[in-house]
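Reading through the structure tokens given below for one structure.
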Amino acid sequence: MVTPDEADDLAAVHAQAFAKPWDAEAFAELLAGPGVFGFVAAKDAPQGLILCRAAADELEILTVAVAPDARRRGVAKALMTAAIAAARAAGSSQAFLEVAVDNMEAVGLYAGLGFRRSGVRRAYYDRGPDGQIDALVMRLDLAASNA
Ligand SMILES: CC(C)(COP(=O)(O)OP(=O)(O)OC[C@H]1O[C@@H](n2cnc3c(N)ncnc32)[C@H](O)[C@@H]1OP(=O)(O)O)[C@@H](O)C(=O)NCCC(=O)NCCS
């Protein structure tokens, strides 16, 4: 499991995956919060990350990202599976996340793990000059899934 010492690595991967990345300070603060945990995938250098929050019996996926040159090799799927296993062991029964409606890579990743659409948050993400975009809320029943 990732520790606050790895905040720089988390920020470095995040910056390769998002237009508005979280910096090392933001990761360190998040990791100090209750129920927050994550994993880093590394091969020589950090390649991918997942950060989650467990609250009551729910797991929230806060972010998942893989460096462009490491994509389509199962890194994100392995990170999601590790987070789900940790949450299940800690007593979570549901997992949920938000994802931009046009993020087909991520929607494909989540759907492949068994997440299903449970709602829409209108104008959830602000893309600056490109305007706002809706988020899908996706949920997975951990008791009923093999992920
Ligand atoms: C989404 C992301 C994390 C996927 O990482 P990845 O390591 O390439 O994903 P995986 O190799 O584990 O792929 C698992 C599944 O996701 C889906 N998927 C991943 N990339 C895809 C793509 N480019 N097109 C379609 N489906 C894709 C597929 O179902 C894939 O399974 P398959 O390879 O057996 O077909 C990565 O593209 C990324 O970092 N994107 C930018 C950040 C982001 O959008 N994060 C999610 C925010 S909610």
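To be explicit about the labels: the chains of the structure tokens are called A, B, and onward in the order shown, and within each one the residues are counted from 1, while ligands get numbers from 1 in the order they are shown.
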At a cut-off of 9 Å, using only C-alpha atoms, what residues contact segment 88-97 of chain A? Leave out same-chain residues fewer than 4 positions from it and give the result as an mmCIF file with C-alpha atoms, in the first residue's frame.
```cif
data_model
loop_
_atom_site.group_PDB
_atom_site.id
_atom_site.type_symbol
_atom_site.label_atom_id
_atom_site.label_comp_id
_atom_site.auth_asym_id
_atom_site.auth_seq_id
_atom_site.Cartn_x
_atom_site.Cartn_y
_atom_site.Cartn_z
ATOM 1 C CA ALA A 54 -13.250 3.487 2.378
ATOM 2 C CA ALA A 55 -16.089 4.967 4.426
ATOM 3 C CA ALA A 56 -18.766 2.968 6.220
ATOM 4 C CA ASP A 57 -19.140 -0.084 3.959
ATOM 5 C CA GLU A 58 -18.404 1.775 0.710
ATOM 6 C CA LEU A 59 -15.235 2.038 -1.340
ATOM 7 C CA GLU A 60 -14.848 5.186 -3.427
ATOM 8 C CA ILE A 61 -12.285 5.120 -6.228
ATOM 9 C CA LEU A 62 -10.829 8.639 -6.080
ATOM 10 C CA THR A 63 -8.460 8.361 -9.018
ATOM 11 C CA ALA A 83 -7.967 -2.020 -4.303
ATOM 12 C CA ILE A 84 -11.204 -4.011 -4.472
ATOM 13 C CA PHE A 115 -19.233 -1.732 -12.552
ATOM 14 C CA LEU A 136 -21.418 8.861 -14.853
ATOM 15 C CA VAL A 137 -21.685 7.350 -11.396
ATOM 16 C CA MET A 138 -20.773 3.664 -11.616
ATOM 17 C CA ARG A 139 -21.266 1.048 -8.886
ATOM 18 C CA LEU A 140 -20.101 -2.462 -8.158
ATOM 19 C CA ASP A 141 -21.683 -4.820 -5.625
ATOM 20 C CA LEU A 142 -18.585 -6.409 -4.099
ATOM 21 C CA ALA A 143 -20.509 -9.363 -2.694
#
```
With 9 Å as the cut-off and only C-alpha atoms and all ligand atoms counted, what is the closest atom pair between each nearby residue of chain A and ligand 1? Distances in Å to one decimal, ordered by chain and number, as a Markdown table.
```
| residue | atom | partner | partner_atom_place_in_ligand_line | distance |
| --- | --- | --- | --- | --- |
| A:Val13 | CA | ligand 1 | 39 (O) | 8.7 |
| A:His14 | CA | ligand 1 | 42 (C) | 7.7 |
| A:Gln16 | CA | ligand 1 | 39 (O) | 8.0 |
| A:Ala17 | CA | ligand 1 | 41 (C) | 4.4 |
| A:Phe18 | CA | ligand 1 | 42 (C) | 5.8 |
| A:Gln47 | CA | ligand 1 | 7 (O) | 8.8 |
| A:Gly48 | CA | ligand 1 | 7 (O) | 7.4 |
| A:Leu49 | CA | ligand 1 | 3 (C) | 8.5 |
| A:Ile50 | CA | ligand 1 | 3 (C) | 8.8 |
| A:Ile61 | CA | ligand 1 | 48 (S) | 8.4 |
| A:Leu62 | CA | ligand 1 | 48 (S) | 8.0 |
| A:Thr63 | CA | ligand 1 | 47 (C) | 5.9 |
| A:Val64 | CA | ligand 1 | 45 (N) | 5.0 |
| A:Ala65 | CA | ligand 1 | 39 (O) | 3.5 |
| A:Val66 | CA | ligand 1 | 39 (O) | 3.8 |
| A:Ala67 | CA | ligand 1 | 39 (O) | 6.1 |
| A:Pro68 | CA | ligand 1 | 39 (O) | 6.9 |
| A:Asp69 | CA | ligand 1 | 8 (O) | 8.9 |
| A:Ala70 | CA | ligand 1 | 7 (O) | 6.5 |
| A:Arg71 | CA | ligand 1 | 8 (O) | 3.3 |
| A:Arg72 | CA | ligand 1 | 11 (O) | 3.2 |
| A:Arg73 | CA | ligand 1 | 11 (O) | 4.1 |
| A:Gly74 | CA | ligand 1 | 12 (O) | 3.2 |
| A:Val75 | CA | ligand 1 | 7 (O) | 4.0 |
| A:Ala76 | CA | ligand 1 | 12 (O) | 3.8 |
| A:Lys77 | CA | ligand 1 | 12 (O) | 3.7 |
| A:Ala78 | CA | ligand 1 | 12 (O) | 6.4 |
| A:Leu79 | CA | ligand 1 | 12 (O) | 8.0 |
| A:Met80 | CA | ligand 1 | 12 (O) | 8.4 |
| A:Leu97 | CA | ligand 1 | 48 (S) | 7.4 |
| A:Glu98 | CA | ligand 1 | 48 (S) | 6.1 |
| A:Val99 | CA | ligand 1 | 48 (S) | 4.2 |
| A:Ala100 | CA | ligand 1 | 48 (S) | 6.6 |
| A:Asn103 | CA | ligand 1 | 44 (O) | 6.2 |
| A:Met104 | CA | ligand 1 | 25 (C) | 6.0 |
| A:Glu105 | CA | ligand 1 | 21 (C) | 3.8 |
| A:Ala106 | CA | ligand 1 | 1 (C) | 3.8 |
| A:Val107 | CA | ligand 1 | 17 (C) | 7.2 |
| A:Gly108 | CA | ligand 1 | 17 (C) | 4.2 |
| A:Leu109 | CA | ligand 1 | 16 (O) | 3.1 |
| A:Tyr110 | CA | ligand 1 | 16 (O) | 6.9 |
| A:Ala111 | CA | ligand 1 | 29 (O) | 7.3 |
| A:Gly112 | CA | ligand 1 | 29 (O) | 5.4 |
| A:Leu113 | CA | ligand 1 | 15 (C) | 8.3 |
```
Using only C-alpha atoms: which of A:Val120, A:Ala7, A:Ala82, A:Ile133 has the shortest distance to Ala32 of chain A: A:Ala7
Contact residues around Phe27 of chain A with only C-alpha atoms at 10 Å, ignoring same-chain residues under 5 positions, as a ChimeraX atom specification: /A:3-11,14,22,32,51
For segment 121-123 of chain A: contacts at 6 Å, only C-alpha atoms, fewer than 5 positions along chain excluded, given as a PyMOL selection string: chain A and resi 132-135
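Separating atom CA of Cys52 of chain A from atom CA of Phe39 of chain A is a distance of 9.1 Å.
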Filtered DSSP result for segment 55-112 of chain A, state strand (DSSP E or B), as a list in words: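 Everything in segment 55-112 of chain A that counts as strand (DSSP E or B) is Ala55, Glu58, Leu59, Glu60, Ile61, Leu62, Thr63, Val64, Ala65, Val66, Gln94, Ala95, Phe96, Leu97, Glu98, Val99 and Ala100 of chain A.
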Keeping only C-alpha atoms, take the residues you just selected and write them out as a PDB file, in the first residue's frame.
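Produced file result_14.pdb, reproduced below:
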```pdb
ATOM      1  CA  ALA A  55     -16.089   4.967   4.426  1.00  0.00           C
ATOM      2  CA  GLU A  58     -18.404   1.775   0.710  1.00  0.00           C
ATOM      3  CA  LEU A  59     -15.235   2.038  -1.340  1.00  0.00           C
ATOM      4  CA  GLU A  60     -14.848   5.186  -3.427  1.00  0.00           C
ATOM      5  CA  ILE A  61     -12.285   5.120  -6.228  1.00  0.00           C
ATOM      6  CA  LEU A  62     -10.829   8.639  -6.080  1.00  0.00           C
ATOM      7  CA  THR A  63      -8.460   8.361  -9.018  1.00  0.00           C
ATOM      8  CA  VAL A  64      -6.753   5.804 -11.233  1.00  0.00           C
ATOM      9  CA  ALA A  65      -4.097   6.637 -13.791  1.00  0.00           C
ATOM     10  CA  VAL A  66      -1.509   4.868 -15.925  1.00  0.00           C
ATOM     11  CA  GLN A  94     -20.069  -1.613  -2.473  1.00  0.00           C
ATOM     12  CA  ALA A  95     -17.640   0.307  -4.683  1.00  0.00           C
ATOM     13  CA  PHE A  96     -18.441   3.462  -6.625  1.00  0.00           C
ATOM     14  CA  LEU A  97     -16.725   6.086  -8.745  1.00  0.00           C
ATOM     15  CA  GLU A  98     -17.380   8.988 -11.064  1.00  0.00           C
ATOM     16  CA  VAL A  99     -16.099   9.107 -14.619  1.00  0.00           C
ATOM     17  CA  ALA A 100     -16.541  11.617 -17.449  1.00  0.00           C
TER      18      ALA A 100
END
```
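A straight line drawn from atom CA of Val40 of chain A to atom CA of Val2 of chain A is 6.4 Å long.
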Atom-to-atom span, atom CA of Ala87 of chain A and atom CA of Tyr124 of chain A, Å: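 So the answer is 26.0 Å.
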All alpha helix (DSSP H) positions in chain A, as an NGL selection string: :A and (7-15 or 24-31 or 75-89 or 104-112)
Atoms to include: C-alpha atoms. Write the selected residues as a PDB file, in the first residue's frame.
```
ATOM      1  CA  ALA A   7       3.421  11.442  -2.930  1.00  0.00           C
ATOM      2  CA  ASP A   8       6.001  12.652  -5.480  1.00  0.00           C
ATOM      3  CA  ASP A   9       5.689   9.408  -7.469  1.00  0.00           C
ATOM      4  CA  LEU A  10       1.901   9.617  -7.388  1.00  0.00           C
ATOM      5  CA  ALA A  11       1.964  13.212  -8.637  1.00  0.00           C
ATOM      6  CA  ALA A  12       4.429  12.324 -11.415  1.00  0.00           C
ATOM      7  CA  VAL A  13       2.140   9.605 -12.798  1.00  0.00           C
ATOM      8  CA  HIS A  14      -0.989  11.726 -12.351  1.00  0.00           C
ATOM      9  CA  ALA A  15       0.603  14.556 -14.361  1.00  0.00           C
ATOM     10  CA  ALA A  24       2.443  15.903  -4.357  1.00  0.00           C
ATOM     11  CA  GLU A  25       1.037  18.051  -1.554  1.00  0.00           C
ATOM     12  CA  ALA A  26      -2.518  17.177  -2.555  1.00  0.00           C
ATOM     13  CA  PHE A  27      -1.666  13.456  -2.553  1.00  0.00           C
ATOM     14  CA  ALA A  28       0.065  13.705   0.847  1.00  0.00           C
ATOM     15  CA  GLU A  29      -2.980  15.496   2.296  1.00  0.00           C
ATOM     16  CA  LEU A  30      -5.388  12.965   0.838  1.00  0.00           C
ATOM     17  CA  LEU A  31      -3.351  10.040   2.153  1.00  0.00           C
ATOM     18  CA  VAL A  75      -1.864  -2.157 -15.189  1.00  0.00           C
ATOM     19  CA  ALA A  76      -5.099  -0.318 -14.318  1.00  0.00           C
ATOM     20  CA  LYS A  77      -7.051  -3.558 -14.087  1.00  0.00           C
ATOM     21  CA  ALA A  78      -4.462  -4.959 -11.644  1.00  0.00           C
ATOM     22  CA  LEU A  79      -4.597  -1.784  -9.538  1.00  0.00           C
ATOM     23  CA  MET A  80      -8.412  -1.854  -9.428  1.00  0.00           C
ATOM     24  CA  THR A  81      -8.413  -5.530  -8.495  1.00  0.00           C
ATOM     25  CA  ALA A  82      -5.911  -4.918  -5.674  1.00  0.00           C
ATOM     26  CA  ALA A  83      -7.967  -2.020  -4.303  1.00  0.00           C
ATOM     27  CA  ILE A  84     -11.204  -4.011  -4.472  1.00  0.00           C
ATOM     28  CA  ALA A  85      -9.576  -6.983  -2.704  1.00  0.00           C
ATOM     29  CA  ALA A  86      -8.256  -4.729   0.075  1.00  0.00           C
ATOM     30  CA  ALA A  87     -11.644  -3.066   0.500  1.00  0.00           C
ATOM     31  CA  ARG A  88     -13.482  -6.378   0.542  1.00  0.00           C
ATOM     32  CA  ALA A  89     -11.075  -7.699   3.195  1.00  0.00           C
ATOM     33  CA  MET A 104     -14.295   5.507 -23.067  1.00  0.00           C
ATOM     34  CA  GLU A 105     -11.011   3.949 -21.887  1.00  0.00           C
ATOM     35  CA  ALA A 106     -11.998   4.313 -18.246  1.00  0.00           C
ATOM     36  CA  VAL A 107     -15.658   3.371 -18.771  1.00  0.00           C
ATOM     37  CA  GLY A 108     -14.409   0.223 -20.570  1.00  0.00           C
ATOM     38  CA  LEU A 109     -12.070  -0.573 -17.690  1.00  0.00           C
ATOM     39  CA  TYR A 110     -14.813  -0.218 -15.074  1.00  0.00           C
ATOM     40  CA  ALA A 111     -17.487  -2.019 -17.088  1.00  0.00           C
ATOM     41  CA  GLY A 112     -15.060  -4.899 -17.650  1.00  0.00           C
TER      42      GLY A 112
END
```
